[in-house]
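Pasting entry_18.tsv here (TSV, C-alpha atoms):
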chain	number	residue	atom	x	y	z
A	1	MET	CA	-33.08	23.11	-63.66
A	2	VAL	CA	-30.31	21.44	-61.71
A	3	ASN	CA	-27.02	19.76	-62.47
A	4	ASN	CA	-27.04	17.23	-59.65
A	5	MET	CA	-29.61	15.37	-57.63
A	6	ASP	CA	-29.33	12.63	-55.07
A	7	ILE	CA	-31.74	9.72	-55.53
A	8	LYS	CA	-31.28	6.64	-53.34
A	9	GLY	CA	-27.57	7.44	-53.34
A	10	ASP	CA	-27.43	7.63	-57.14
A	11	ILE	CA	-26.47	11.14	-58.20
A	12	LEU	CA	-27.79	12.26	-61.58
A	13	CYS	CA	-25.07	14.60	-62.81
A	14	ARG	CA	-24.50	16.44	-66.07
A	15	GLU	CA	-20.72	16.18	-65.80
A	16	ASP	CA	-20.80	12.43	-65.15
A	17	ILE	CA	-23.14	11.83	-68.10
A	18	LEU	CA	-20.93	13.95	-70.34
A	19	LYS	CA	-17.80	12.07	-69.29
A	20	GLU	CA	-19.19	8.87	-70.78
A	21	LEU	CA	-20.79	10.41	-73.86
A	22	ARG	CA	-18.92	9.84	-77.09
A	23	TYR	CA	-21.25	12.27	-78.87
A	24	LYS	CA	-20.35	15.50	-77.10
A	25	GLU	CA	-22.91	17.56	-79.03
A	26	TYR	CA	-25.48	15.91	-76.77
A	27	ASP	CA	-24.38	18.00	-73.79
A	28	PRO	CA	-27.16	17.18	-71.31
A	29	VAL	CA	-29.45	19.59	-69.51
A	30	VAL	CA	-30.71	18.00	-66.29
A	31	TYR	CA	-33.95	18.90	-64.48
A	32	ASP	CA	-35.22	17.69	-61.14
A	33	VAL	CA	-38.78	18.07	-62.46
A	34	THR	CA	-40.39	19.23	-65.69
A	35	ASP	CA	-43.69	18.71	-67.45
A	36	SER	CA	-42.20	16.53	-70.19
A	37	THR	CA	-38.70	16.27	-71.64
A	38	ASN	CA	-40.25	16.03	-75.11
A	39	LEU	CA	-42.18	19.24	-74.46
A	40	VAL	CA	-39.01	21.00	-73.29
A	41	LEU	CA	-37.30	20.21	-76.59
A	42	LYS	CA	-40.40	21.18	-78.57
A	43	ARG	CA	-40.41	24.61	-76.93
A	44	TRP	CA	-36.69	25.05	-77.58
A	45	VAL	CA	-36.99	24.12	-81.24
A	46	LYS	CA	-39.95	26.41	-81.79
A	47	GLY	CA	-37.99	29.18	-80.09
A	48	GLY	CA	-35.03	28.62	-82.38
A	49	ARG	CA	-32.81	26.90	-79.82
A	50	ILE	CA	-31.12	23.70	-80.95
A	51	ASP	CA	-27.76	23.96	-79.19
A	52	ASN	CA	-28.68	21.47	-76.45
A	53	LYS	CA	-30.03	18.21	-77.84
A	54	LEU	CA	-30.40	16.09	-74.71
A	55	VAL	CA	-32.79	16.75	-71.83
A	56	VAL	CA	-32.96	14.53	-68.73
A	57	ALA	CA	-35.38	14.74	-65.80
A	58	ASP	CA	-35.89	12.92	-62.53
A	59	ARG	CA	-39.65	13.47	-62.67
A	60	GLN	CA	-42.22	14.46	-65.26
A	61	THR	CA	-45.65	15.83	-64.44
A	62	MET	CA	-47.05	15.34	-67.97
A	63	GLY	CA	-45.14	12.35	-69.35
A	64	ARG	CA	-46.79	10.85	-72.43
A	65	GLY	CA	-46.58	7.58	-74.30
A	66	ARG	CA	-47.88	6.37	-77.64
A	67	LEU	CA	-51.51	6.88	-78.63
A	68	GLY	CA	-51.83	9.78	-76.18
A	69	ARG	CA	-51.46	7.58	-73.12
A	70	THR	CA	-49.94	8.89	-69.90
A	71	PHE	CA	-46.41	7.71	-69.15
A	72	GLU	CA	-46.09	7.59	-65.38
A	73	SER	CA	-42.85	9.29	-64.33
A	74	PRO	CA	-42.55	9.15	-60.53
A	75	PRO	CA	-39.51	10.56	-58.73
A	76	VAL	CA	-36.94	8.40	-56.98
A	77	SER	CA	-37.53	6.03	-59.81
A	78	GLY	CA	-35.98	6.12	-63.25
A	79	ILE	CA	-34.69	7.94	-66.27
A	80	TYR	CA	-36.75	10.29	-68.41
A	81	MET	CA	-34.81	11.66	-71.36
A	82	SER	CA	-35.33	13.14	-74.80
A	83	LEU	CA	-32.98	13.51	-77.75
A	84	LEU	CA	-33.26	15.96	-80.61
A	85	ILE	CA	-32.33	13.99	-83.71
A	86	PRO	CA	-31.01	16.07	-86.63
A	87	ALA	CA	-33.12	16.37	-89.75
A	88	GLY	CA	-32.90	13.37	-92.02
A	89	ASP	CA	-34.74	11.98	-95.02
A	90	ASP	CA	-38.11	10.26	-94.74
A	91	GLU	CA	-36.46	6.84	-94.77
A	92	GLY	CA	-34.30	7.60	-91.74
A	93	ILE	CA	-37.18	9.14	-89.81
A	94	LEU	CA	-39.28	6.03	-90.40
A	95	LEU	CA	-36.63	3.82	-88.78
A	96	ILE	CA	-35.88	5.91	-85.69
A	97	THR	CA	-38.32	4.23	-83.30
A	98	SER	CA	-37.13	0.68	-83.98
A	99	ALA	CA	-33.50	1.86	-83.84
A	100	ALA	CA	-34.15	3.42	-80.44
A	101	ALA	CA	-35.61	0.15	-79.11
A	102	VAL	CA	-32.47	-1.74	-80.11
A	103	ALA	CA	-30.24	1.00	-78.66
A	104	VAL	CA	-32.00	0.84	-75.29
A	105	CYS	CA	-31.72	-2.96	-75.12
A	106	ARG	CA	-28.02	-2.79	-76.04
A	107	ALA	CA	-27.40	-0.09	-73.43
A	108	ILE	CA	-29.15	-2.03	-70.67
A	109	LYS	CA	-27.10	-5.11	-71.55
A	110	GLU	CA	-23.88	-3.08	-71.63
A	111	VAL	CA	-24.38	-1.25	-68.33
A	112	CYS	CA	-26.63	-3.54	-66.31
A	113	HIS	CA	-25.83	-6.95	-67.86
A	114	ILE	CA	-29.55	-7.60	-68.19
A	115	ASP	CA	-31.21	-9.08	-71.29
A	116	THR	CA	-34.44	-7.33	-72.24
A	117	SER	CA	-36.83	-7.85	-75.14
A	118	ILE	CA	-38.87	-5.69	-77.49
A	119	LYS	CA	-42.64	-5.73	-77.77
A	120	TRP	CA	-43.39	-4.21	-81.16
A	121	VAL	CA	-43.15	-1.47	-81.83
A	122	ASN	CA	-41.21	0.31	-79.11
A	123	ASP	CA	-41.80	-1.08	-75.61
A	124	ILE	CA	-38.98	-2.80	-73.72
A	125	TYR	CA	-39.87	-5.72	-71.46
A	126	LEU	CA	-38.18	-7.68	-68.68
A	127	ASN	CA	-39.85	-10.74	-67.15
A	128	ASP	CA	-43.10	-9.95	-69.00
A	129	ARG	CA	-43.26	-6.43	-67.55
A	130	LYS	CA	-42.75	-3.16	-69.37
A	131	VAL	CA	-39.63	-1.37	-68.17
A	132	CYS	CA	-39.24	1.22	-70.92
A	133	GLY	CA	-41.37	3.21	-73.33
A	134	ILE	CA	-40.26	5.18	-76.38
A	135	LEU	CA	-42.05	8.04	-78.14
A	136	ALA	CA	-40.76	9.67	-81.34
A	137	GLU	CA	-42.35	12.94	-82.49
A	138	ALA	CA	-41.57	15.01	-85.58
A	139	VAL	CA	-41.00	18.74	-85.05
A	140	THR	CA	-40.36	21.54	-87.53
A	141	ALA	CA	-37.45	23.90	-86.90
A	142	GLY	CA	-37.40	27.60	-87.79
A	143	GLU	CA	-36.15	27.10	-91.34
A	144	GLY	CA	-38.66	24.34	-92.02
A	145	GLU	CA	-36.33	21.42	-91.36
A	146	ILE	CA	-37.95	18.31	-89.94
A	147	ASN	CA	-36.30	16.98	-86.79
A	148	VAL	CA	-37.38	14.17	-84.50
A	149	ILE	CA	-37.71	14.38	-80.73
A	150	LEU	CA	-37.04	10.95	-79.29
A	151	GLY	CA	-38.42	10.45	-75.78
A	152	ILE	CA	-37.25	7.48	-73.70
A	153	GLY	CA	-38.48	6.54	-70.24
A	154	ILE	CA	-36.80	3.73	-68.30
A	155	ASN	CA	-38.00	2.37	-64.96
A	156	VAL	CA	-34.65	1.72	-63.34
A	157	ALA	CA	-35.55	0.95	-59.72
A	158	THR	CA	-39.25	1.70	-59.40
A	159	GLU	CA	-41.17	-0.08	-56.65
A	160	SER	CA	-44.46	-1.56	-57.86
A	161	SER	CA	-46.40	0.29	-55.15
A	162	ILE	CA	-45.44	3.61	-56.76
A	163	PHE	CA	-47.34	2.82	-59.96
A	164	SER	CA	-51.04	3.60	-60.23
A	165	ASP	CA	-53.60	0.81	-60.32
A	166	THR	CA	-53.91	1.41	-64.06
A	167	VAL	CA	-50.41	0.20	-64.90
A	168	ARG	CA	-49.28	-1.78	-61.84
A	169	ASP	CA	-50.06	-5.14	-63.45
A	170	VAL	CA	-48.02	-4.27	-66.54
A	171	ALA	CA	-45.17	-2.01	-65.44
A	172	GLY	CA	-41.91	-3.26	-64.02
A	173	ALA	CA	-38.35	-2.07	-63.43
A	174	LEU	CA	-34.81	-3.22	-64.05
A	175	TYR	CA	-34.14	-3.49	-60.30
A	176	ASP	CA	-36.06	-3.64	-57.05
A	177	THR	CA	-33.53	-1.23	-55.53
A	178	MET	CA	-30.67	0.61	-57.18
A	179	PRO	CA	-27.44	-1.45	-57.01
A	180	GLY	CA	-24.37	0.37	-55.83
A	181	ASN	CA	-22.31	-0.48	-58.91
A	182	ILE	CA	-24.78	0.91	-61.47
A	183	THR	CA	-25.50	4.59	-62.15
A	184	ARG	CA	-28.20	6.21	-64.19
A	185	ASN	CA	-25.54	8.51	-65.62
A	186	SER	CA	-23.84	5.54	-67.26
A	187	LEU	CA	-27.13	4.20	-68.60
A	188	ILE	CA	-28.14	7.56	-70.06
A	189	ALA	CA	-24.77	7.90	-71.81
A	190	ALA	CA	-24.95	4.33	-73.09
A	191	VAL	CA	-28.42	4.88	-74.57
A	192	VAL	CA	-27.24	7.98	-76.45
A	193	ASN	CA	-24.02	6.33	-77.61
A	194	ASN	CA	-25.77	3.20	-78.85
A	195	PHE	CA	-28.52	5.13	-80.60
A	196	MET	CA	-26.13	7.48	-82.38
A	197	ASP	CA	-23.93	4.55	-83.40
A	198	ILE	CA	-26.98	3.10	-85.17
A	199	TYR	CA	-28.27	6.41	-86.49
A	200	GLY	CA	-25.01	7.16	-88.25
A	201	HIS	CA	-25.80	4.42	-90.76
A	202	ILE	CA	-29.46	3.78	-90.00
A	203	THR	CA	-30.58	3.25	-93.60
A	204	ASP	CA	-28.38	0.19	-94.01
A	205	ARG	CA	-30.80	-1.49	-91.58
A	206	GLU	CA	-28.20	-3.78	-90.04
A	207	TYR	CA	-29.64	-3.18	-86.56
A	208	LEU	CA	-32.91	-4.82	-87.61
A	209	GLY	CA	-31.22	-8.19	-87.18
A	210	ASP	CA	-30.92	-7.41	-83.47
A	211	TYR	CA	-34.48	-6.08	-83.44
A	212	ARG	CA	-35.74	-9.42	-84.73
A	213	ARG	CA	-33.61	-11.39	-82.26
A	214	MET	CA	-34.79	-9.22	-79.38
A	215	SER	CA	-38.47	-9.46	-80.33
A	216	MET	CA	-40.74	-11.07	-77.75
A	217	ILE	CA	-43.60	-11.64	-80.18
A	218	LEU	CA	-42.16	-13.18	-83.36
A	219	GLY	CA	-43.52	-16.68	-83.82
A	220	ARG	CA	-46.35	-16.07	-81.38
A	221	ASP	CA	-50.09	-15.66	-81.78
A	222	ILE	CA	-51.15	-12.07	-81.17
A	223	ARG	CA	-54.11	-9.76	-81.19
A	224	TYR	CA	-53.73	-6.37	-82.76
A	225	LEU	CA	-55.92	-3.31	-82.64
A	226	LYS	CA	-56.44	-1.62	-85.99
A	227	GLU	CA	-59.20	0.74	-87.06
A	228	ASP	CA	-60.97	0.32	-83.69
A	229	ALA	CA	-61.31	-3.45	-84.03
A	230	TRP	CA	-59.36	-6.39	-82.62
A	231	HIS	CA	-57.94	-8.97	-85.00
A	232	THR	CA	-55.87	-12.10	-84.50
A	233	GLY	CA	-52.88	-13.52	-86.30
A	234	LYS	CA	-49.35	-14.80	-85.91
A	235	ALA	CA	-46.36	-12.45	-85.85
A	236	VAL	CA	-43.93	-13.89	-88.40
A	237	ASP	CA	-41.36	-11.18	-89.22
A	238	ILE	CA	-40.17	-7.58	-88.98
A	239	ASP	CA	-39.86	-6.02	-92.42
A	240	ASN	CA	-37.06	-3.70	-93.57
A	241	ASP	CA	-39.00	-0.62	-92.47
A	242	GLY	CA	-39.64	-1.94	-88.96
A	243	GLY	CA	-43.19	-3.03	-89.78
A	244	LEU	CA	-44.67	-6.14	-88.16
A	245	VAL	CA	-45.55	-8.89	-90.63
A	246	VAL	CA	-48.60	-10.85	-89.47
A	247	LYS	CA	-50.08	-14.00	-90.91
A	248	THR	CA	-53.85	-14.03	-90.53
A	249	LYS	CA	-56.23	-16.81	-91.45
A	250	ASP	CA	-56.82	-15.17	-94.82
A	251	ASP	CA	-53.70	-13.24	-95.73
A	252	ILE	CA	-50.26	-11.92	-94.77
A	253	ILE	CA	-50.34	-8.24	-93.78
A	254	THR	CA	-47.83	-5.69	-92.50
A	255	LEU	CA	-48.62	-3.42	-89.55
A	256	ASN	CA	-46.90	-0.04	-89.48
A	257	THR	CA	-46.63	2.56	-86.73
A	258	GLY	CA	-49.68	4.64	-85.91
A	259	GLU	CA	-52.97	3.83	-84.23
A	260	ILE	CA	-52.08	0.19	-83.69
A	261	SER	CA	-51.63	-1.71	-80.45
A	262	VAL	CA	-50.39	-5.26	-80.10
A	263	ARG	CA	-51.21	-7.64	-77.26
A	264	LEU	CA	-49.93	-11.17	-76.84
A	265	GLU	CA	-52.54	-13.88	-76.90
A	266	LYS	CA	-53.03	-15.49	-73.49
Kindly return the structure encoded in the file as structure tokens.
Amino acid sequence: MVNNMDIKGDILCREDILKELRYKEYDPVVYDVTDSTNLVLKRWVKGGRIDNKLVVADRQTMGRGRLGRTFESPPVSGIYMSLLIPAGDDEGILLITSAAAVAVCRAIKEVCHIDTSIKWVNDIYLNDRKVCGILAEAVTAGEGEINVILGIGINVATESSIFSDTVRDVAGALYDTMPGNITRNSLIAAVVNNFMDIYGHITDREYLGDYRRMSMILGRDIRYLKEDAWHTGKAVDIDNDGGLVVKTKDDIITLNTGEISVRLEK
């Protein structure tokens, strides 16, 4: 574990992140490398430690995405961070992933002045390339409380050659090279601030208006994977629980989180 690291001139620093955090309980712990920031928090919670609720790493060796996929986390590259979200009711837990997607887009706009879009349910895209993935996992604390570990990976200035052949055609980054006037510290703090601003009143669902406006698939023909089969339809809305409303040739259905993948029709 380290407090500072120099990456392409951009120093990832606990003190600098904390300076811009409005939610001081998220005092960050910064690693140069770890297996997975989500796994770090899982081990802490199972061990009874919940004093630090934000973990940041420069590199992960076992980064994971949705559906058990690998999330590539090369060094000299991006932000890999996880938040421990306090126990809430089932309604709040259901909305966390979509809230996180909006928070990331708002933070990128605030710090980088870049408009990004959301591919349901929780991938962030820029110029038709994925620049961020989000993974929310429930975890039980010592007294039986349910908390959520929210993992966020952002490709800030990742060169395409760094990605494996598996993801190179899909993955992208916010920048080709890190600009001198942008720091990852500021972006990390902005993500936390924006998410906690939403989470404080998450069940009023006001942020879903932004989610709909930021969607890259509403109004478009899609294919979706459900129960091991591909289906087609048109994405027509996001419901009040963050579900994707799809009009098929026979019916109108709602897709919820789980073993579902969505791909835009070519």
Write out as a tab-separated table the residues of region 55-150 of chain A that have any atom within 6 Å of an atom of region 207-227 of chain A, one row each with the nearest atom pair and its distance in Å to one decimal, counting only C-alpha atoms, sorted by chain and then rising number.
residue	atom	partner	partner_atom	distance
A:Val102	CA	A:Tyr211	CA	5.8
A:Ser117	CA	A:Met214	CA	4.9
A:Ile118	CA	A:Ser215	CA	4.7
A:Lys119	CA	A:Met216	CA	5.7
Would you save the residues from that selection as a tab-separated table (two decimals), keeping the file's coordinate frame, using C-alpha atoms?
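again.tsv written:
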chain	number	residue	atom	x	y	z
A	102	VAL	CA	-32.47	-1.74	-80.11
A	117	SER	CA	-36.83	-7.85	-75.14
A	118	ILE	CA	-38.87	-5.69	-77.49
A	119	LYS	CA	-42.64	-5.73	-77.77
Next item on the list: Find, counting all atoms listed in the file, the residue in A:Ile114, A:Ile11, A:Cys132, A:Met196 that gets nearest to Ile152 (chain A).
Entry: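 Among the listed residues, the smallest separation from Ile152 (chain A) belongs to A:Cys132.
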Notebook entry, point to check: What does the distance from CA of Thr140 (chain A) to CA of Ser98 (chain A) come to in Å, to one decimal?
Noted result: 21.4 Å
Check: For the atom pair CA of Glu206 (chain A) and CA of Ala99 (chain A), what is the interatomic distance in Å to one decimal place?
Finding: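 The value is 9.9 Å.
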At a cut-off of 7 Å, can you tabulate as CSV every residue of region 108-193 of chain A near region 23-40 of chain A together with its closest atom pair and the distance in Å to one decimal, using only C-alpha atoms and ordering rows by chain then number?
residue,atom,partner,partner_atom,distance
A:Ile149,CA,A:Asn38,CA,6.4
A:Gly151,CA,A:Asn38,CA,5.9
A:Asn193,CA,A:Tyr23,CA,6.7
Next item on the list: Could you check which of A:Thr254, A:Thr61, A:Ser77, A:Ser82 is closest to Met178 (chain A), using only C-alpha atoms?
Entry: A:Ser77
Item checked: Two-atom distance - CA of Val191 (chain A), CA of Val170 (chain A) (Å) ->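 Between CA of Val191 (chain A) and CA of Val170 (chain A) the gap is 23.1 Å.
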Next item on the list: Take the point (-27.1, 17.7, -74.6) as written in the file and pick out every residue within 12 Å of it, counting all atoms listed in the file; give the list as a ChimeraX atom specification.
Entry: /A:14-15,17-18,21-30,41,50-56,81-85,188-189,192
Next item on the list: Give as a PyMOL selection string each residue that has an atom at most 6 Å from (-46.3, -14.9, -89.4) in the file, counting all atoms listed in the file.
Entry: chain A and resi 234-236+246-247
Next item on the list: Could you tell me which of A:Glu159, A:Glu143, A:Asp176, A:Asp197 comes closest to Gly47 (chain A) if we count all atoms listed in the file?
Entry: A:Glu143
Checklist line | Option closest in space to His113 (chain A), from A:Val131, A:Leu264, A:Leu174, A:Ala136 [counting all atoms listed in the file] | finding: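 Among the listed residues, the smallest separation from His113 (chain A) belongs to A:Leu174.
In terms of minimum interatomic distance to Asp89 (chain A), A:Glu145 ranks closest within A:Glu145, A:Ala229, A:Asp237, A:Asp128, counting all atoms listed in the file.
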Note to self: Here is a test: counting all atoms listed in the file, which residue of A:Tyr175, A:Val121, A:Asp58, A:Ser261 is nearest to Leu95 (chain A)?
What the structure shows: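 When distances to Leu95 (chain A) are compared using all atoms listed in the file, the smallest one comes from A:Val121.
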